[in-house]
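Structure data (mmCIF, C-alpha atoms) from structure_12.cif:
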```cif
data_protein
#
loop_
_atom_site.group_PDB
_atom_site.id
_atom_site.type_symbol
_atom_site.label_atom_id
_atom_site.label_comp_id
_atom_site.auth_asym_id
_atom_site.auth_seq_id
_atom_site.Cartn_x
_atom_site.Cartn_y
_atom_site.Cartn_z
ATOM 1 C CA MET A 15 -25.801 -18.294 -1.086
ATOM 2 C CA SER A 16 -26.759 -17.367 -4.640
ATOM 3 C CA ARG A 17 -26.259 -19.744 -7.527
ATOM 4 C CA THR A 18 -24.491 -18.589 -10.653
ATOM 5 C CA ALA A 19 -25.696 -18.979 -14.241
ATOM 6 C CA LEU A 20 -22.831 -21.358 -14.889
ATOM 7 C CA THR A 21 -23.575 -24.990 -14.118
ATOM 8 C CA ASN A 22 -21.063 -27.805 -14.299
ATOM 9 C CA GLN A 23 -20.595 -31.548 -14.409
ATOM 10 C CA ILE A 24 -17.626 -31.725 -12.061
ATOM 11 C CA ARG A 25 -19.288 -34.048 -9.567
ATOM 12 C CA ARG A 26 -20.362 -36.491 -12.294
ATOM 13 C CA LEU A 27 -16.948 -36.376 -13.957
ATOM 14 C CA ARG A 28 -15.215 -37.021 -10.655
ATOM 15 C CA PHE A 29 -17.185 -40.183 -10.096
ATOM 16 C CA GLU A 30 -16.688 -41.303 -13.676
ATOM 17 C CA ASN A 31 -12.938 -40.873 -13.185
ATOM 18 C CA GLY A 32 -12.413 -43.481 -10.539
ATOM 19 C CA GLU A 33 -14.467 -41.723 -7.879
ATOM 20 C CA MET A 34 -11.904 -38.988 -7.563
ATOM 21 C CA THR A 35 -12.232 -37.120 -4.285
ATOM 22 C CA GLN A 36 -12.698 -33.359 -4.039
ATOM 23 C CA GLU A 37 -9.352 -33.179 -2.262
ATOM 24 C CA GLU A 38 -7.589 -34.996 -5.067
ATOM 25 C CA LEU A 39 -9.121 -32.772 -7.736
ATOM 26 C CA ALA A 40 -8.263 -29.695 -5.682
ATOM 27 C CA GLN A 41 -4.632 -30.750 -5.435
ATOM 28 C CA ARG A 42 -4.407 -31.446 -9.156
ATOM 29 C CA VAL A 43 -5.763 -28.041 -10.168
ATOM 30 C CA ARG A 44 -3.968 -26.217 -7.304
ATOM 31 C CA VAL A 45 -6.983 -24.848 -5.443
ATOM 32 C CA THR A 46 -8.481 -25.505 -2.008
ATOM 33 C CA ARG A 47 -11.123 -28.173 -1.454
ATOM 34 C CA GLN A 48 -13.571 -25.430 -0.454
ATOM 35 C CA THR A 49 -13.303 -23.970 -3.948
ATOM 36 C CA ILE A 50 -14.190 -27.336 -5.481
ATOM 37 C CA ILE A 51 -17.205 -27.508 -3.152
ATOM 38 C CA ALA A 52 -18.238 -23.976 -4.196
ATOM 39 C CA LEU A 53 -17.796 -24.900 -7.858
ATOM 40 C CA GLU A 54 -19.834 -28.086 -7.616
ATOM 41 C CA SER A 55 -22.703 -26.245 -6.003
ATOM 42 C CA SER A 56 -22.514 -23.538 -8.710
ATOM 43 C CA ARG A 57 -21.777 -20.814 -6.182
ATOM 44 C CA TYR A 58 -18.532 -19.755 -7.778
ATOM 45 C CA VAL A 59 -17.589 -18.945 -11.354
ATOM 46 C CA PRO A 60 -14.000 -20.065 -12.004
ATOM 47 C CA SER A 61 -11.426 -18.204 -14.031
ATOM 48 C CA LEU A 62 -10.804 -19.412 -17.573
ATOM 49 C CA LEU A 63 -7.470 -20.828 -16.427
ATOM 50 C CA LEU A 64 -9.045 -22.895 -13.662
ATOM 51 C CA ALA A 65 -11.849 -24.076 -15.963
ATOM 52 C CA LEU A 66 -9.272 -25.259 -18.498
ATOM 53 C CA ARG A 67 -7.229 -26.987 -15.796
ATOM 54 C CA ILE A 68 -10.289 -28.863 -14.579
ATOM 55 C CA ALA A 69 -11.196 -29.903 -18.116
ATOM 56 C CA ARG A 70 -7.653 -31.126 -18.654
ATOM 57 C CA VAL A 71 -7.759 -33.267 -15.518
ATOM 58 C CA PHE A 72 -10.840 -35.056 -16.858
ATOM 59 C CA ASP A 73 -9.435 -35.042 -20.406
ATOM 60 C CA VAL A 74 -12.598 -33.518 -21.878
ATOM 61 C CA PRO A 75 -13.384 -30.210 -23.652
ATOM 62 C CA VAL A 76 -14.226 -27.360 -21.298
ATOM 63 C CA GLU A 77 -17.761 -27.189 -22.779
ATOM 64 C CA GLU A 78 -18.392 -30.654 -21.424
ATOM 65 C CA VAL A 79 -17.591 -29.538 -17.909
ATOM 66 C CA PHE A 80 -19.243 -26.109 -17.793
ATOM 67 C CA HIS A 81 -22.599 -25.026 -19.211
ATOM 68 C CA LEU A 82 -24.195 -21.620 -19.322
ATOM 69 C CA ASP A 83 -27.866 -21.590 -18.315
ATOM 70 C CA LYS A 84 -30.260 -20.948 -21.213
ATOM 71 C CA ASN A 85 -31.878 -18.079 -19.351
ATOM 72 C CA ALA A 86 -28.548 -16.381 -18.608
ATOM 73 C CA MET B 15 -13.479 -23.859 6.561
ATOM 74 C CA GLU B 16 -11.068 -21.703 4.540
ATOM 75 C CA ARG B 17 -7.956 -20.378 6.279
ATOM 76 C CA HIS B 18 -8.844 -16.774 5.471
ATOM 77 C CA ARG B 19 -12.283 -17.352 6.932
ATOM 78 C CA LYS B 20 -10.808 -18.726 10.167
ATOM 79 C CA LEU B 21 -8.444 -15.782 10.315
ATOM 80 C CA ALA B 22 -11.332 -13.344 9.750
ATOM 81 C CA VAL B 23 -13.301 -14.920 12.620
ATOM 82 C CA PHE B 24 -10.212 -14.704 14.838
ATOM 83 C CA ASN B 25 -9.526 -11.075 13.860
ATOM 84 C CA LEU B 26 -13.161 -10.124 14.331
ATOM 85 C CA GLY B 27 -13.127 -11.704 17.800
ATOM 86 C CA VAL B 28 -9.953 -9.875 18.796
ATOM 87 C CA GLY B 29 -11.290 -6.589 17.388
ATOM 88 C CA LEU B 30 -14.646 -6.817 19.158
ATOM 89 C CA ARG B 31 -13.042 -7.801 22.472
ATOM 90 C CA THR B 32 -10.630 -4.897 22.175
ATOM 91 C CA GLY B 33 -13.449 -2.439 21.488
ATOM 92 C CA PHE B 34 -15.481 -3.853 24.371
ATOM 93 C CA LEU B 35 -12.501 -3.696 26.743
ATOM 94 C CA PHE B 36 -11.807 -0.102 25.721
ATOM 95 C CA LEU B 37 -15.414 0.926 26.420
ATOM 96 C CA CYS B 38 -15.358 -0.885 29.786
ATOM 97 C CA LEU B 39 -12.122 0.825 30.836
ATOM 98 C CA ILE B 40 -13.237 4.376 29.981
ATOM 99 C CA PRO B 41 -15.315 4.900 33.176
ATOM 100 C CA MET B 42 -12.483 3.568 35.343
ATOM 101 C CA LEU B 43 -9.376 5.022 33.693
ATOM 102 C CA GLY B 44 -10.629 7.771 31.424
ATOM 103 C CA PRO B 45 -10.432 7.791 27.619
ATOM 104 C CA ARG B 46 -6.691 8.427 27.447
ATOM 105 C CA ARG B 47 -5.473 5.620 29.695
ATOM 106 C CA ALA B 48 -8.234 3.268 28.507
ATOM 107 C CA GLN B 49 -6.427 3.226 25.168
ATOM 108 C CA GLY B 50 -4.145 0.674 26.755
ATOM 109 C CA ALA B 51 -6.899 -1.788 25.792
ATOM 110 C CA PHE B 52 -5.749 -1.469 22.204
ATOM 111 C CA GLY B 53 -2.621 -3.324 23.213
ATOM 112 C CA THR B 54 -4.688 -6.510 22.976
ATOM 113 C CA LEU B 55 -4.647 -5.999 19.208
ATOM 114 C CA GLY B 56 -1.190 -7.509 19.454
ATOM 115 C CA LEU B 57 -2.979 -10.861 19.634
ATOM 116 C CA LEU B 58 -3.575 -10.468 15.904
ATOM 117 C CA ALA B 59 -0.019 -11.678 15.374
ATOM 118 C CA PHE B 60 -1.158 -15.179 16.356
ATOM 119 C CA GLY B 61 -3.336 -15.174 13.234
ATOM 120 C CA GLN B 62 -0.281 -16.317 11.306
ATOM 121 C CA LEU B 63 -0.708 -19.719 12.948
ATOM 122 C CA PHE B 64 -3.626 -20.315 10.570
ATOM 123 C CA TYR B 65 -1.169 -20.360 7.679
ATOM 124 C CA ARG B 66 0.892 -23.316 8.853
ATOM 125 C CA ARG B 67 1.140 -25.968 6.168
ATOM 126 C CA LYS B 68 0.093 -29.440 7.274
ATOM 127 C CA GLN B 69 1.548 -30.957 4.122
ATOM 128 C CA PRO B 70 4.420 -29.564 2.043
ATOM 129 C CA ASP B 71 2.370 -29.229 -1.149
ATOM 130 C CA GLU B 72 -0.806 -27.969 0.533
ATOM 131 C CA VAL B 73 -2.580 -25.089 -1.240
ATOM 132 C CA LEU B 74 -3.030 -22.250 1.251
ATOM 133 C CA ASP B 75 -5.230 -20.051 -0.929
ATOM 134 C CA ASP B 76 -6.402 -19.826 -4.510
ATOM 135 C CA GLU B 77 -8.117 -17.490 -6.976
ATOM 136 C CA ARG B 78 -11.409 -17.574 -5.058
ATOM 137 C CA ASP B 79 -9.694 -16.528 -1.838
ATOM 138 C CA CYS B 80 -7.830 -13.759 -3.663
ATOM 139 C CA GLU B 81 -11.115 -12.494 -5.130
ATOM 140 C CA VAL B 82 -12.721 -12.470 -1.670
ATOM 141 C CA MET B 83 -9.750 -10.611 -0.175
ATOM 142 C CA ARG B 84 -9.728 -8.092 -3.030
ATOM 143 C CA ARG B 85 -13.417 -7.260 -2.626
ATOM 144 C CA ALA B 86 -13.122 -7.073 1.163
ATOM 145 C CA GLY B 87 -10.154 -4.747 0.743
ATOM 146 C CA LYS B 88 -12.155 -2.423 -1.499
ATOM 147 C CA VAL B 89 -15.070 -2.289 0.937
ATOM 148 C CA SER B 90 -12.876 -1.721 3.981
ATOM 149 C CA PHE B 91 -10.888 0.993 2.215
ATOM 150 C CA ALA B 92 -14.121 2.789 1.299
ATOM 151 C CA ILE B 93 -15.454 2.583 4.860
ATOM 152 C CA PHE B 94 -12.114 3.634 6.318
ATOM 153 C CA TRP B 95 -12.074 6.642 3.983
ATOM 154 C CA ILE B 96 -15.491 7.711 5.286
ATOM 155 C CA TYR B 97 -14.210 7.284 8.843
ATOM 156 C CA PHE B 98 -11.049 9.250 8.049
ATOM 157 C CA VAL B 99 -12.932 12.209 6.565
ATOM 158 C CA GLY B 100 -15.452 12.053 9.428
ATOM 159 C CA ALA B 101 -12.657 12.063 12.019
ATOM 160 C CA LEU B 102 -10.897 15.037 10.438
ATOM 161 C CA THR B 103 -14.156 16.957 10.122
ATOM 162 C CA THR B 104 -15.054 16.211 13.743
ATOM 163 C CA VAL B 105 -11.663 17.393 14.993
ATOM 164 C CA SER B 106 -11.919 20.536 12.920
ATOM 165 C CA LEU B 107 -15.434 21.304 14.155
ATOM 166 C CA PHE B 108 -14.557 20.561 17.772
ATOM 167 C CA TYR B 109 -11.225 22.343 18.045
ATOM 168 C CA GLY B 110 -11.613 24.885 15.253
ATOM 169 C CA GLY B 111 -9.394 25.530 12.280
ATOM 170 C CA ARG B 112 -6.623 27.135 14.357
ATOM 171 C CA GLY B 113 -7.065 25.103 17.539
ATOM 172 C CA PHE B 114 -4.677 22.603 19.120
ATOM 173 C CA VAL B 115 -5.640 18.974 19.086
ATOM 174 C CA PRO B 116 -4.549 17.013 22.191
ATOM 175 C CA VAL B 117 -2.218 14.110 21.495
ATOM 176 C CA GLY B 118 -4.667 11.761 23.212
ATOM 177 C CA VAL B 119 -7.364 12.585 20.662
ATOM 178 C CA VAL B 120 -5.013 11.955 17.743
ATOM 179 C CA GLU B 121 -4.020 8.614 19.294
ATOM 180 C CA LEU B 122 -7.641 7.692 19.847
ATOM 181 C CA PHE B 123 -8.609 8.424 16.246
ATOM 182 C CA GLY B 124 -5.635 6.384 15.104
ATOM 183 C CA TRP B 125 -6.577 3.360 17.183
ATOM 184 C CA LEU B 126 -10.250 3.616 16.286
ATOM 185 C CA GLY B 127 -9.357 3.876 12.598
ATOM 186 C CA TRP B 128 -7.307 0.701 12.832
ATOM 187 C CA LEU B 129 -10.177 -0.997 14.654
ATOM 188 C CA VAL B 130 -12.714 0.116 12.034
ATOM 189 C CA LEU B 131 -10.484 -1.194 9.269
ATOM 190 C CA LEU B 132 -10.018 -4.529 11.024
ATOM 191 C CA LEU B 133 -13.700 -5.044 11.806
ATOM 192 C CA VAL B 134 -14.968 -4.048 8.351
ATOM 193 C CA TYR B 135 -12.320 -6.098 6.551
ATOM 194 C CA SER B 136 -13.017 -9.214 8.618
ATOM 195 C CA THR B 137 -16.794 -8.833 8.311
ATOM 196 C CA ALA B 138 -16.566 -8.294 4.550
ATOM 197 C CA ILE B 139 -14.473 -11.468 4.201
ATOM 198 C CA LEU B 140 -17.022 -13.504 6.159
ATOM 199 C CA ILE B 141 -19.917 -12.134 4.091
ATOM 200 C CA GLN B 142 -18.098 -12.865 0.846
ATOM 201 C CA TYR B 143 -17.385 -16.458 1.836
ATOM 202 C CA ARG B 144 -20.991 -16.912 2.877
ATOM 203 C CA ARG B 145 -22.133 -15.753 -0.561
ATOM 204 C CA THR B 146 -19.741 -17.953 -2.515
#
```
Give the structure from the file, written as structure tokens.
Amino acid sequence: MSRTALTNQIRRLRFENGEMTQEELAQRVRVTRQTIIALESSRYVPSLLLALRIARVFDVPVEEVFHLDKNA
Amino acid sequence: MERHRKLAVFNLGVGLRTGFLFLCLIPMLGPRRAQGAFGTLGLLAFGQLFYRRKQPDEVLDDERDCEVMRRAGKVSFAIFWIYFVGALTTVSLFYGGRGFVPVGVVELFGWLGWLVLLLVYSTAILIQYRRT
């Protein structure tokens, strides 16, 4: 299971937003819970659309959710 | 576990059992009649049960699943193409350019092609999910 160069703060943001569950986030952005798990462990790079949807759920800019590794 | 992953495990199981059954039946029935083993591929229809919604608004698949399926499709098509060319070449070499190919051989290549496609597609899906 290789990690991607894109890291994210989804787990932290979930807990800061009323301890939102992975299932709840998945339902709100219309993906499966497994995709949220893959995203949180940086094993999957989302589409721009999904990244924007996630940022909108947390009401933050997309740059606050996703970060590109310096070495990438 | 993702629905497509469950379905791939199910399909892989059915495919492997079918291939095994076919090989076991050859000594007893001969290659032509042993092809009856491929009838067990009909079990694949039960794979649709994995797509039952538990809740009305449940998401069955998403962009990640589509990406996995797309890649698996490309790999299985490539492997099937190799099989297809190999099968045609074998038939041509064995029976000659002007020879007659028995119906049983054509049927066998058809069934084996379907089996190759099924096994490669299912395996590719499982590998993709393991990577992501």
Length of the atom CA of A:Val76 to atom CA of A:Leu62 vector [Å]: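 A separation of 9.4 Å between them.
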Within 12 Å of chain A: residues of chain B, using only C-alpha atoms, as a count of residues only: 25
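Atom pair atom CA of A:Ala19 / atom CA of A:Glu77: separated by 14.3 Å.
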Distance query stretch 49-63 of chain B at most 8 Å, all atoms listed in the file, self and fewer than 3 positions along chain excluded, as a list in words: Leu21, Phe24, Asn25, Val28, Gly29, Thr32, Gly33, Leu35, Phe36, Leu39, Pro45, Arg46, Arg66, Leu122 and Trp125 of chain B
All residues 7 Å or closer to A:His81, all atoms listed in the file, same chain fewer than 5 positions away omitted, as a PyMOL selection string: chain A and resi 20-22
Could the residues in this selection be saved with C-alpha atoms as a CSV table (one decimal), in the frame of the given file?
```
chain,number,residue,atom,x,y,z
A,20,LEU,CA,-22.8,-21.4,-14.9
A,21,THR,CA,-23.6,-25.0,-14.1
A,22,ASN,CA,-21.1,-27.8,-14.3
```
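What separates atom CA of B:Leu26 from atom CA of B:Val120 is a distance of 23.8 Å.
Here, the PyMOL selection byres ((chain A and resi 72) around 8) matches Leu27, Arg28, Asn31, Ile68, Ala69, Arg70, Val71, Asp73 and Val74 of chain A.
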Selected by the PyMOL selection byres ((chain B and resi 130) around 9) in the shown coordinates: which residues, as a compact mmCIF listing (two decimals) with C-alpha atoms, keeping the file's coordinate frame?
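To be explicit, this is the file written out as out-v4.txt:
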```
# COMPACT_ATOMS: atom_id res chain seq x y z
CA GLY B 29 -11.29 -6.59 17.39
CA SER B 90 -12.88 -1.72 3.98
CA ILE B 93 -15.45 2.58 4.86
CA PHE B 94 -12.11 3.63 6.32
CA TYR B 97 -14.21 7.28 8.84
CA TRP B 125 -6.58 3.36 17.18
CA LEU B 126 -10.25 3.62 16.29
CA GLY B 127 -9.36 3.88 12.60
CA TRP B 128 -7.31 0.70 12.83
CA LEU B 129 -10.18 -1.00 14.65
CA LEU B 131 -10.48 -1.19 9.27
CA LEU B 132 -10.02 -4.53 11.02
CA LEU B 133 -13.70 -5.04 11.81
CA VAL B 134 -14.97 -4.05 8.35
CA TYR B 135 -12.32 -6.10 6.55
```
Kindly provide, as lines of an AutoDock Vina configuration file, the centre and edge lengths (Å, one decimal) of an axis-aligned box around all atoms of stretch 57-73 of chain B given in the file, with 3 Å on each side.
```
center_x = 0.4
center_y = -20.7
center_z = 9.2
size_x = 14.0
size_y = 26.5
size_z = 26.9
```
